[in-house]
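Engineer: The structure file upload.txt (compact mmCIF, C-alpha atoms and all ligand atoms) is provided below.
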```txt
# COMPACT_ATOMS: atom_id res chain seq x y z
CA MET A 1 -11.31 18.30 -46.60
CA THR A 2 -7.64 18.40 -45.65
CA GLN A 3 -5.09 16.93 -48.05
CA THR A 4 -2.35 14.94 -46.31
CA THR A 5 1.17 15.33 -47.70
CA SER A 6 4.23 13.23 -46.89
CA LYS A 7 5.58 16.15 -44.86
CA ASP A 8 2.61 16.30 -42.51
CA ALA A 9 3.16 14.77 -39.08
CA LEU A 10 -0.34 15.25 -37.73
CA VAL A 11 -3.49 16.04 -39.69
CA THR A 12 -7.07 16.65 -38.64
CA SER A 13 -9.98 16.96 -41.00
CA GLY A 14 -13.41 18.15 -40.00
CA LEU A 15 -12.56 17.56 -36.35
CA GLY A 16 -15.40 18.27 -33.96
CA VAL A 17 -16.03 17.73 -30.25
CA THR A 18 -19.29 18.21 -28.41
CA TYR A 19 -19.81 18.11 -24.66
CA ASN A 20 -23.40 16.92 -24.32
CA LYS A 21 -24.95 19.28 -26.83
CA PHE A 22 -22.40 22.05 -26.53
CA VAL A 23 -20.16 22.37 -29.59
CA ALA A 24 -16.67 23.00 -28.22
CA LEU A 25 -14.82 22.30 -31.50
CA ALA A 26 -16.24 22.26 -35.02
CA ASP A 27 -14.89 21.40 -38.42
CA VAL A 28 -11.22 21.93 -37.62
CA ASP A 29 -8.76 21.11 -40.42
CA LEU A 30 -5.12 21.16 -39.40
CA ASN A 31 -1.91 20.18 -41.16
CA ILE A 32 0.94 20.09 -38.68
CA ARG A 33 4.12 19.92 -40.71
CA GLU A 34 6.91 17.55 -39.75
CA ASN A 35 9.65 19.30 -37.72
CA SER A 36 7.72 22.53 -37.41
CA VAL A 37 6.79 24.66 -34.40
CA HIS A 38 3.05 25.18 -34.66
CA SER A 39 1.15 27.22 -32.10
CA ILE A 40 -2.52 27.26 -31.24
CA ILE A 41 -3.87 30.54 -29.93
CA GLY A 42 -7.30 32.00 -29.28
CA PRO A 43 -9.32 33.79 -26.63
CA ASN A 44 -10.59 31.99 -23.53
CA GLY A 45 -13.00 29.19 -24.35
CA ALA A 46 -11.85 29.01 -27.99
CA GLY A 47 -11.41 25.23 -27.83
CA LYS A 48 -7.62 24.98 -27.56
CA THR A 49 -7.58 22.52 -24.66
CA THR A 50 -10.41 20.54 -26.21
CA LEU A 51 -8.36 20.22 -29.40
CA PHE A 52 -5.43 18.84 -27.38
CA HIS A 53 -7.74 16.42 -25.59
CA ALA A 54 -9.04 15.18 -28.95
CA LEU A 55 -5.51 14.76 -30.33
CA THR A 56 -4.27 12.83 -27.31
CA GLY A 57 -7.36 10.64 -27.08
CA ARG A 58 -8.61 12.05 -23.80
CA VAL A 59 -11.91 12.99 -25.44
CA ARG A 60 -13.57 11.20 -28.32
CA PRO A 61 -14.26 13.41 -31.35
CA SER A 62 -17.91 13.64 -32.35
CA SER A 63 -16.87 14.09 -35.97
CA GLY A 64 -13.85 14.14 -38.23
CA LYS A 65 -10.60 12.28 -38.51
CA ILE A 66 -7.07 12.46 -37.08
CA THR A 67 -4.04 10.97 -38.79
CA LEU A 68 -0.48 10.62 -37.50
CA GLY A 69 2.13 10.04 -40.18
CA GLY A 70 -0.69 9.23 -42.60
CA ARG A 71 -2.27 6.57 -40.33
CA ASP A 72 -5.75 6.99 -38.94
CA ILE A 73 -5.58 7.27 -35.14
CA THR A 74 -9.07 8.70 -34.57
CA ASN A 75 -10.33 5.70 -32.67
CA LEU A 76 -7.17 4.69 -30.87
CA SER A 77 -6.86 4.89 -27.09
CA ASP A 78 -4.63 7.50 -25.47
CA ASN A 79 -2.04 4.84 -24.58
CA GLU A 80 -1.91 3.58 -28.12
CA ARG A 81 -1.41 7.13 -29.40
CA VAL A 82 1.53 7.56 -27.04
CA ARG A 83 2.97 4.33 -28.41
CA ARG A 84 2.58 5.69 -31.95
CA GLY A 85 4.47 8.85 -31.05
CA ILE A 86 2.24 11.54 -29.57
CA ALA A 87 3.57 12.92 -26.30
CA ARG A 88 1.99 15.54 -24.13
CA SER A 89 4.10 17.56 -21.76
CA PHE A 90 2.13 17.40 -18.54
CA GLN A 91 2.21 19.70 -15.61
CA VAL A 92 4.39 18.81 -12.66
CA THR A 93 2.16 15.83 -11.81
CA SER A 94 4.06 13.69 -14.32
CA LEU A 95 7.29 14.08 -12.35
CA PHE A 96 8.37 11.80 -9.58
CA PRO A 97 9.27 14.38 -6.93
CA ASP A 98 11.50 12.25 -4.70
CA LEU A 99 13.67 10.96 -7.51
CA SER A 100 16.50 12.98 -8.99
CA VAL A 101 16.19 14.86 -12.25
CA HIS A 102 18.46 12.31 -13.91
CA GLU A 103 16.41 9.38 -12.61
CA ASN A 104 13.18 10.94 -13.81
CA LEU A 105 14.62 11.31 -17.29
CA ARG A 106 16.08 7.83 -17.31
CA LEU A 107 12.72 6.31 -16.44
CA ALA A 108 10.94 8.43 -19.03
CA ALA A 109 13.47 7.26 -21.62
CA GLN A 110 12.32 3.72 -20.95
CA GLY A 111 8.84 4.80 -21.97
CA ARG A 112 7.35 4.17 -18.58
CA THR A 113 5.82 6.22 -15.84
CA PRO A 114 8.09 6.39 -12.81
CA TRP A 115 5.74 4.15 -10.83
CA GLN A 116 5.77 1.40 -13.44
CA ALA A 117 9.48 1.64 -13.93
CA LEU A 118 10.29 1.39 -10.24
CA ALA A 119 9.13 -2.19 -10.33
CA MET A 120 11.84 -2.82 -12.88
CA TRP A 121 14.55 -0.99 -11.07
CA ARG A 122 17.30 -3.54 -11.60
CA ARG A 123 16.71 -3.62 -15.31
CA ALA A 124 16.59 0.16 -15.33
CA GLU A 125 20.02 0.23 -13.73
CA SER A 126 21.50 -1.74 -16.56
CA ASN A 127 19.80 0.12 -19.34
CA ARG A 128 22.65 1.98 -20.97
CA ASN A 129 20.52 3.53 -23.67
CA ALA A 130 18.23 5.15 -21.16
CA MET A 131 21.24 6.47 -19.25
CA ALA A 132 22.70 7.97 -22.40
CA THR A 133 19.38 9.57 -23.32
CA ALA A 134 19.04 11.06 -19.85
CA ASP A 135 22.56 12.51 -20.05
CA GLU A 136 21.86 14.05 -23.44
CA MET A 137 18.55 15.49 -22.21
CA LEU A 138 20.17 17.19 -19.22
CA THR A 139 22.26 19.33 -21.52
CA ARG A 140 19.40 20.20 -23.83
CA LEU A 141 17.21 21.12 -20.89
CA SER A 142 19.92 23.24 -19.21
CA LEU A 143 19.50 21.05 -16.12
CA THR A 144 22.99 19.56 -15.84
CA ARG A 145 23.79 21.51 -12.68
CA VAL A 146 20.74 20.10 -10.88
CA ALA A 147 20.96 16.55 -12.30
CA HIS A 148 21.16 14.96 -8.87
CA ARG A 149 18.64 17.15 -7.09
CA ALA A 150 15.20 15.74 -6.32
CA ALA A 151 12.71 16.85 -8.99
CA GLY A 152 10.36 18.11 -6.29
CA GLU A 153 12.99 20.59 -5.07
CA LEU A 154 13.49 22.33 -8.40
CA ALA A 155 12.43 25.89 -9.11
CA HIS A 156 9.25 26.30 -11.20
CA GLY A 157 11.02 27.02 -14.49
CA GLN A 158 13.33 24.04 -14.04
CA GLN A 159 10.39 21.75 -13.33
CA ARG A 160 8.63 22.94 -16.47
CA ARG A 161 11.74 22.14 -18.52
CA LEU A 162 11.96 18.73 -16.90
CA GLU A 163 8.34 18.04 -17.91
CA VAL A 164 9.27 18.79 -21.50
CA GLY A 165 12.27 16.51 -21.11
CA MET A 166 10.03 13.71 -19.83
CA ALA A 167 7.98 14.03 -23.01
CA MET A 168 11.09 14.18 -25.22
CA ALA A 169 12.85 11.25 -23.61
CA ALA A 170 10.58 8.67 -25.25
CA ARG A 171 11.55 10.24 -28.61
CA PRO A 172 8.01 10.96 -29.81
CA ARG A 173 7.15 12.16 -33.26
CA VAL A 174 4.89 14.98 -32.01
CA ILE A 175 5.12 16.86 -28.71
CA LEU A 176 2.07 18.75 -27.43
CA MET A 177 2.65 21.48 -24.88
CA ASP A 178 -0.01 23.34 -23.00
CA GLU A 179 1.18 26.83 -22.07
CA PRO A 180 4.81 25.84 -21.55
CA THR A 181 5.81 29.27 -20.19
CA SER A 182 2.92 29.90 -17.82
CA GLY A 183 3.98 31.34 -14.48
CA MET A 184 7.61 31.79 -15.56
CA GLY A 185 9.97 34.69 -15.02
CA ILE A 186 11.73 36.32 -17.94
CA ASP A 187 14.96 34.28 -17.77
CA ASP A 188 13.10 30.97 -17.67
CA ILE A 189 10.91 32.09 -20.57
CA GLU A 190 14.01 32.71 -22.71
CA THR A 191 15.42 29.28 -21.86
CA MET A 192 12.08 27.59 -22.61
CA LYS A 193 11.83 29.47 -25.90
CA ASP A 194 15.23 28.18 -26.99
CA LEU A 195 14.30 24.68 -25.85
CA ILE A 196 11.08 24.64 -27.88
CA GLN A 197 12.83 25.92 -30.99
CA GLY A 198 15.52 23.27 -30.61
CA LEU A 199 12.88 20.53 -30.28
CA ALA A 200 11.81 20.96 -33.88
CA THR A 201 15.08 19.44 -35.10
CA ASP A 202 13.97 16.00 -33.93
CA HIS A 203 10.27 16.42 -33.25
CA THR A 204 7.17 18.24 -34.38
CA VAL A 205 5.96 20.73 -31.81
CA LEU A 206 2.37 21.80 -31.24
CA PHE A 207 1.78 24.21 -28.39
CA ILE A 208 -0.93 26.31 -26.82
CA GLU A 209 0.39 29.64 -25.63
CA HIS A 210 -1.00 32.90 -24.32
CA ASN A 211 2.33 34.76 -24.44
CA MET A 212 2.13 36.40 -27.86
CA GLY A 213 5.79 37.42 -27.79
CA ILE A 214 6.76 33.76 -27.79
CA VAL A 215 4.13 32.74 -30.31
CA MET A 216 5.20 35.40 -32.77
CA ASN A 217 8.88 34.77 -32.18
CA ILE A 218 9.24 31.01 -32.55
CA SER A 219 6.24 29.65 -34.48
CA ASP A 220 6.47 28.51 -38.06
CA THR A 221 2.68 28.46 -38.24
CA VAL A 222 0.01 29.92 -35.98
CA THR A 223 -3.57 28.66 -35.89
CA VAL A 224 -6.15 30.94 -34.29
CA LEU A 225 -9.26 29.33 -32.85
CA ARG A 226 -12.38 31.22 -31.87
CA LEU A 227 -15.60 29.71 -30.56
CA GLY A 228 -14.38 26.24 -31.50
CA ARG A 229 -13.60 27.05 -35.12
CA LYS A 230 -10.46 27.89 -37.01
CA LEU A 231 -10.43 31.62 -37.59
CA VAL A 232 -7.09 32.23 -39.29
CA GLU A 233 -3.93 30.26 -39.92
CA GLY A 234 -0.55 31.20 -41.30
CA PRO A 235 2.92 32.51 -40.52
CA PRO A 236 3.20 34.80 -37.47
CA ALA A 237 3.39 38.09 -39.38
CA MET A 238 0.24 37.31 -41.33
CA VAL A 239 -1.70 36.25 -38.26
CA ARG A 240 -0.59 39.22 -36.19
CA ASP A 241 -1.77 41.69 -38.81
CA ASP A 242 -5.05 39.95 -39.59
CA PRO A 243 -8.03 42.22 -38.82
CA GLU A 244 -10.22 39.26 -37.75
CA VAL A 245 -7.58 38.20 -35.25
CA LYS A 246 -7.26 41.70 -33.86
CA LYS A 247 -11.01 41.80 -33.46
CA ALA A 248 -11.05 38.43 -31.70
CA TYR A 249 -8.52 39.73 -29.21
CA LEU A 250 -10.11 43.19 -29.06
CA GLY A 251 -6.79 44.55 -30.29
CA ASN A 252 -5.15 43.84 -26.95
CA MET A 253 -2.80 40.97 -27.13
CA ILE A 254 -1.14 40.63 -30.51
CA THR A 255 1.97 42.63 -29.71
CA GLY A 256 4.86 40.16 -30.00
CA ASP A 257 7.92 40.69 -32.15
CA ILE A 258 8.46 38.60 -35.22
CA ALA A 259 11.76 36.71 -35.21
N1 LIG A 301 -15.99 18.91 -19.90
C1 LIG A 301 -16.67 19.93 -20.42
N2 LIG A 301 -18.03 19.96 -20.40
C2 LIG A 301 -18.72 20.98 -20.94
N3 LIG A 301 -18.15 22.05 -21.54
C3 LIG A 301 -16.81 22.09 -21.57
C4 LIG A 301 -16.01 21.06 -21.02
N4 LIG A 301 -14.70 21.37 -21.24
C5 LIG A 301 -14.71 22.56 -21.87
N5 LIG A 301 -15.96 23.00 -22.08
C6 LIG A 301 -16.36 24.23 -22.78
O1 LIG A 301 -15.84 24.14 -24.10
C7 LIG A 301 -15.37 25.42 -24.53
C8 LIG A 301 -13.93 25.31 -24.96
O2 LIG A 301 -13.16 25.05 -23.80
P1 LIG A 301 -11.59 24.85 -23.85
O3 LIG A 301 -11.14 24.58 -22.45
O4 LIG A 301 -11.25 23.86 -24.90
O5 LIG A 301 -11.10 26.30 -24.32
P2 LIG A 301 -9.66 26.97 -24.28
O6 LIG A 301 -9.47 27.66 -25.58
O7 LIG A 301 -8.64 25.97 -23.88
O8 LIG A 301 -9.84 28.08 -23.13
P3 LIG A 301 -8.79 28.68 -22.08
O9 LIG A 301 -7.84 29.53 -22.84
O10 LIG A 301 -9.67 29.48 -21.18
O11 LIG A 301 -8.13 27.52 -21.39
C9 LIG A 301 -15.61 26.39 -23.37
O12 LIG A 301 -16.80 27.09 -23.62
C10 LIG A 301 -15.72 25.48 -22.17
O13 LIG A 301 -16.57 26.04 -21.20
```
Mind converting the file's structure to structure tokens?
Ligand SMILES: Nc1ncnc2c1ncn2[C@@H]1O[C@H](COP(=O)(O)OP(=O)(O)OP(=O)(O)O)[C@@H](O)[C@H]1O
Structural biologist:
Amino acid sequence: MTQTTSKDALVTSGLGVTYNKFVALADVDLNIRENSVHSIIGPNGAGKTTLFHALTGRVRPSSGKITLGGRDITNLSDNERVRRGIARSFQVTSLFPDLSVHENLRLAAQGRTPWQALAMWRRAESNRNAMATADEMLTRLSLTRVAHRAAGELAHGQQRRLEVGMAMAARPRVILMDEPTSGMGIDDIETMKDLIQGLATDHTVLFIEHNMGIVMNISDTVTVLRLGRKLVEGPPAMVRDDPEVKKAYLGNMITGDIA
């Protein structure tokens, strides 16, 4: 069983998920430390996405417990978990493509989806806090130059940063990111890497990533899943050199530099 400490943001103990009779996740104990960058890696089908679904409330665990800041959230709905401080950075679908970057961030800062917030446009206009948050976000996201461009017109890397910003704007305790650098060119990857590292000042970051260079470079802790179970967990250097991990990846992918 996992022991919760006051420095743990998110804890799972004995977490399991089955799809019909198929065991996609089994007996997973995790301690995600407050203000850490924690990555989840593993070969295809290891259960990474399923773990995220269980943490966000999209799928119901078949066993185990999840706590956020020491409070049991296992049976809470996805909306309630968002309210308690779990944010997931969604793919472009969470953006409102016709609104500007600044407007997207402002609406996210009000804790609403763009569609909901549009109904409250007048109030949104007068919400100084949301404006200030959006301004601050633009700098952190390196999006100041495109603040007034429509979100739908942004380049891929810029849109991915905006998605992260949408998650950050509601000031969540924990941010979950699913392959934040997928499909990016090298310059955008560097910017995203800096952004993720910077997030840990105010948030706890949990991310799934296939790019081992990034995982090894910016993670405080790496958890390796295989066949739905935790295989190894520890600091990047330890995980990279672990013989079980090398075997799981057939020696192919663990090549990233350690920061
Ligand atoms: N809705 C579902 N119904 C049945 N089986 C599922 C379902 N979703 C996922 N699975 C199975 O559960 C296992 C874990 O899948 P999951 O998507 O969590 O893995 P993953 O580590 O995210 O993989 P990848 O890196 O390929 O995205 C896989 O064998 C997958 O086929």
Engineer: Would you mind listing, for every residue of chain A within 6 Å of ligand LIG 301 (chain A), the two atoms forming the shortest contact and the distance between them in Å to one decimal, using all atoms listed in the file, sorted by chain and ascending residue number, as JSON lines?
Structural biologist:
```
{"residue": "A:Tyr19", "atom": "CA", "partner": "A:LIG301", "partner_atom": "C2", "distance": 4.8}
{"residue": "A:Ala24", "atom": "CA", "partner": "A:LIG301", "partner_atom": "O1", "distance": 4.4}
{"residue": "A:Pro43", "atom": "CA", "partner": "A:LIG301", "partner_atom": "O9", "distance": 5.9}
{"residue": "A:Asn44", "atom": "CA", "partner": "A:LIG301", "partner_atom": "O10", "distance": 3.6}
{"residue": "A:Gly45", "atom": "CA", "partner": "A:LIG301", "partner_atom": "O5", "distance": 3.5}
{"residue": "A:Ala46", "atom": "CA", "partner": "A:LIG301", "partner_atom": "O6", "distance": 3.6}
{"residue": "A:Gly47", "atom": "CA", "partner": "A:LIG301", "partner_atom": "O4", "distance": 3.2}
{"residue": "A:Lys48", "atom": "CA", "partner": "A:LIG301", "partner_atom": "O6", "distance": 3.8}
{"residue": "A:Thr49", "atom": "CA", "partner": "A:LIG301", "partner_atom": "O7", "distance": 3.7}
{"residue": "A:Thr50", "atom": "CA", "partner": "A:LIG301", "partner_atom": "O4", "distance": 3.7}
```
Engineer: What is the distance, in Å and to one decimal place, between CA of Met166 (chain A) and CA of Ser182 (chain A)?
Structural biologist: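 CA of Ser182 (chain A) lies 17.8 Å from CA of Met166 (chain A).
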Engineer: For the atom pair CA of Val174 (chain A) and CA of His203 (chain A), what is the interatomic distance in Å to one decimal place?
Structural biologist: 5.7 Å
Engineer: Hey, what's within 12 Å of Ala170 (chain A) if we count only C-alpha atoms and toss same-chain stuff fewer than 6 positions away? As a ChimeraX atom specification, please?
Structural biologist: /A:82-89,104-113,129-130,133-134,137,164,202-203
Engineer: Please return as a VMD selection string every residue within 12 Å of (13.1, 23.4, -28.9), taking into account only C-alpha atoms and the file's own coordinates.
Structural biologist: chain A and resid 35 to 38 137 140 to 142 161 164 to 165 168 175 177 180 190 to 207 218 to 219
Engineer: Filtering to C-alpha atoms, could you give me those residues as a PDB file, in the coordinates of the input?
Structural biologist:
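Now in result_34.pdb:
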```pdb
ATOM      1  CA  ASN A  35       9.650  19.300 -37.720  1.00  0.00           C
ATOM      2  CA  SER A  36       7.720  22.530 -37.410  1.00  0.00           C
ATOM      3  CA  VAL A  37       6.790  24.660 -34.400  1.00  0.00           C
ATOM      4  CA  HIS A  38       3.050  25.180 -34.660  1.00  0.00           C
ATOM      5  CA  MET A 137      18.550  15.490 -22.210  1.00  0.00           C
ATOM      6  CA  ARG A 140      19.400  20.200 -23.830  1.00  0.00           C
ATOM      7  CA  LEU A 141      17.210  21.120 -20.890  1.00  0.00           C
ATOM      8  CA  SER A 142      19.920  23.240 -19.210  1.00  0.00           C
ATOM      9  CA  ARG A 161      11.740  22.140 -18.520  1.00  0.00           C
ATOM     10  CA  VAL A 164       9.270  18.790 -21.500  1.00  0.00           C
ATOM     11  CA  GLY A 165      12.270  16.510 -21.110  1.00  0.00           C
ATOM     12  CA  MET A 168      11.090  14.180 -25.220  1.00  0.00           C
ATOM     13  CA  ILE A 175       5.120  16.860 -28.710  1.00  0.00           C
ATOM     14  CA  MET A 177       2.650  21.480 -24.880  1.00  0.00           C
ATOM     15  CA  PRO A 180       4.810  25.840 -21.550  1.00  0.00           C
ATOM     16  CA  GLU A 190      14.010  32.710 -22.710  1.00  0.00           C
ATOM     17  CA  THR A 191      15.420  29.280 -21.860  1.00  0.00           C
ATOM     18  CA  MET A 192      12.080  27.590 -22.610  1.00  0.00           C
ATOM     19  CA  LYS A 193      11.830  29.470 -25.900  1.00  0.00           C
ATOM     20  CA  ASP A 194      15.230  28.180 -26.990  1.00  0.00           C
ATOM     21  CA  LEU A 195      14.300  24.680 -25.850  1.00  0.00           C
ATOM     22  CA  ILE A 196      11.080  24.640 -27.880  1.00  0.00           C
ATOM     23  CA  GLN A 197      12.830  25.920 -30.990  1.00  0.00           C
ATOM     24  CA  GLY A 198      15.520  23.270 -30.610  1.00  0.00           C
ATOM     25  CA  LEU A 199      12.880  20.530 -30.280  1.00  0.00           C
ATOM     26  CA  ALA A 200      11.810  20.960 -33.880  1.00  0.00           C
ATOM     27  CA  THR A 201      15.080  19.440 -35.100  1.00  0.00           C
ATOM     28  CA  ASP A 202      13.970  16.000 -33.930  1.00  0.00           C
ATOM     29  CA  HIS A 203      10.270  16.420 -33.250  1.00  0.00           C
ATOM     30  CA  THR A 204       7.170  18.240 -34.380  1.00  0.00           C
ATOM     31  CA  VAL A 205       5.960  20.730 -31.810  1.00  0.00           C
ATOM     32  CA  LEU A 206       2.370  21.800 -31.240  1.00  0.00           C
ATOM     33  CA  PHE A 207       1.780  24.210 -28.390  1.00  0.00           C
ATOM     34  CA  ILE A 218       9.240  31.010 -32.550  1.00  0.00           C
ATOM     35  CA  SER A 219       6.240  29.650 -34.480  1.00  0.00           C
TER      36      SER A 219
END
```
Engineer: Just checking: using only C-alpha atoms, which residue out of A:Gly185, A:Gly157, A:Gly228, A:Pro235 ends up closest to Val215 (chain A)?
Structural biologist: A:Pro235
Engineer: One decimal, in Å: what's the spacing between CA of Val17 (chain A) and CA of Leu51 (chain A)?
Structural biologist: 8.1 Å
Engineer: So which one's closest to Val239 (chain A), A:Glu34, A:Ile41, A:Leu227, A:Asp135? Using only C-alpha atoms, please.
Structural biologist: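 Smallest distance to Val239 (chain A) is found for A:Ile41.
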Engineer: Between A:Ala248, A:Val222, A:Val146, A:Ile73, which has the minimum distance to His102 (chain A) (counting all atoms listed in the file)?
Structural biologist: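 Among A:Ala248, A:Val222, A:Val146, A:Ile73, it is A:Val146 that comes nearest to His102 (chain A).
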Engineer: For a quick check of understanding, using all atoms listed in the file, which of A:Ile186, A:Ala147, A:Leu30, A:Val23 has the smallest distance to Thr223 (chain A)?
Structural biologist: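 Nearest to Thr223 (chain A): A:Leu30.
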Engineer: What's around Thr74 (chain A) at 9 Å? Count all atoms listed in the file, leave out sequence neighbours fewer than 5 positions away in its own chain, and write the answer as a list in words.
Structural biologist: Ala54, Leu55, Gly57, Arg60, Pro61, Gly64, Lys65, Ile66 and Thr67 of chain A
Engineer: In the coordinates of the file, take the point (-4.3, 35.0, -18.1) and a cut-off of 12 Å; then, counting all atoms listed in the file, name each qualifying protein, DNA or RNA residue as a list in words.
Structural biologist: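 Taken together, the residues in range are Gly42, Pro43, Asn44, Glu179, Thr181, Ser182, Gly183, Glu209, His210, Asn211, Met212 and Met253 of chain A.
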Engineer: Store the residues picked out above in a file with C-alpha atoms, as an mmCIF file, in the coordinates of the input.
Structural biologist:
```cif
data_model
loop_
_atom_site.group_PDB
_atom_site.id
_atom_site.type_symbol
_atom_site.label_atom_id
_atom_site.label_comp_id
_atom_site.auth_asym_id
_atom_site.auth_seq_id
_atom_site.Cartn_x
_atom_site.Cartn_y
_atom_site.Cartn_z
ATOM 1 C CA GLY A 42 -7.300 32.000 -29.280
ATOM 2 C CA PRO A 43 -9.320 33.790 -26.630
ATOM 3 C CA ASN A 44 -10.590 31.990 -23.530
ATOM 4 C CA GLU A 179 1.180 26.830 -22.070
ATOM 5 C CA THR A 181 5.810 29.270 -20.190
ATOM 6 C CA SER A 182 2.920 29.900 -17.820
ATOM 7 C CA GLY A 183 3.980 31.340 -14.480
ATOM 8 C CA GLU A 209 0.390 29.640 -25.630
ATOM 9 C CA HIS A 210 -1.000 32.900 -24.320
ATOM 10 C CA ASN A 211 2.330 34.760 -24.440
ATOM 11 C CA MET A 212 2.130 36.400 -27.860
ATOM 12 C CA MET A 253 -2.800 40.970 -27.130
#
```
Engineer: Within 9 Å of Ser62 (chain A), counting only C-alpha atoms, which residues qualify if same-chain residues fewer than 5 places away don't, as a list in words?
Structural biologist: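 The contact residues come out as Leu15, Gly16, Val17 and Thr18 of chain A.
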Engineer: Write to file, as a PDB file, keeping the file's coordinate frame, the residues of the selection just made, with C-alpha atoms.
Structural biologist:
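File again.pdb, as written:
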```pdb
ATOM      1  CA  LEU A  15     -12.560  17.560 -36.350  1.00  0.00           C
ATOM      2  CA  GLY A  16     -15.400  18.270 -33.960  1.00  0.00           C
ATOM      3  CA  VAL A  17     -16.030  17.730 -30.250  1.00  0.00           C
ATOM      4  CA  THR A  18     -19.290  18.210 -28.410  1.00  0.00           C
TER       5      THR A  18
END
```
Engineer: From the list A:Ser100, A:Ala9, A:Ala132, A:Ala167, which residue is nearest His148 (chain A) when using only C-alpha atoms?
Structural biologist: A:Ser100
Engineer: Given all atoms listed in the file as the basis, pick out the residue of A:Arg128, A:Arg149, A:Lys7, A:Arg71 nearest to Phe96 (chain A).
Structural biologist: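 The closest residue to Phe96 (chain A) is A:Arg149.
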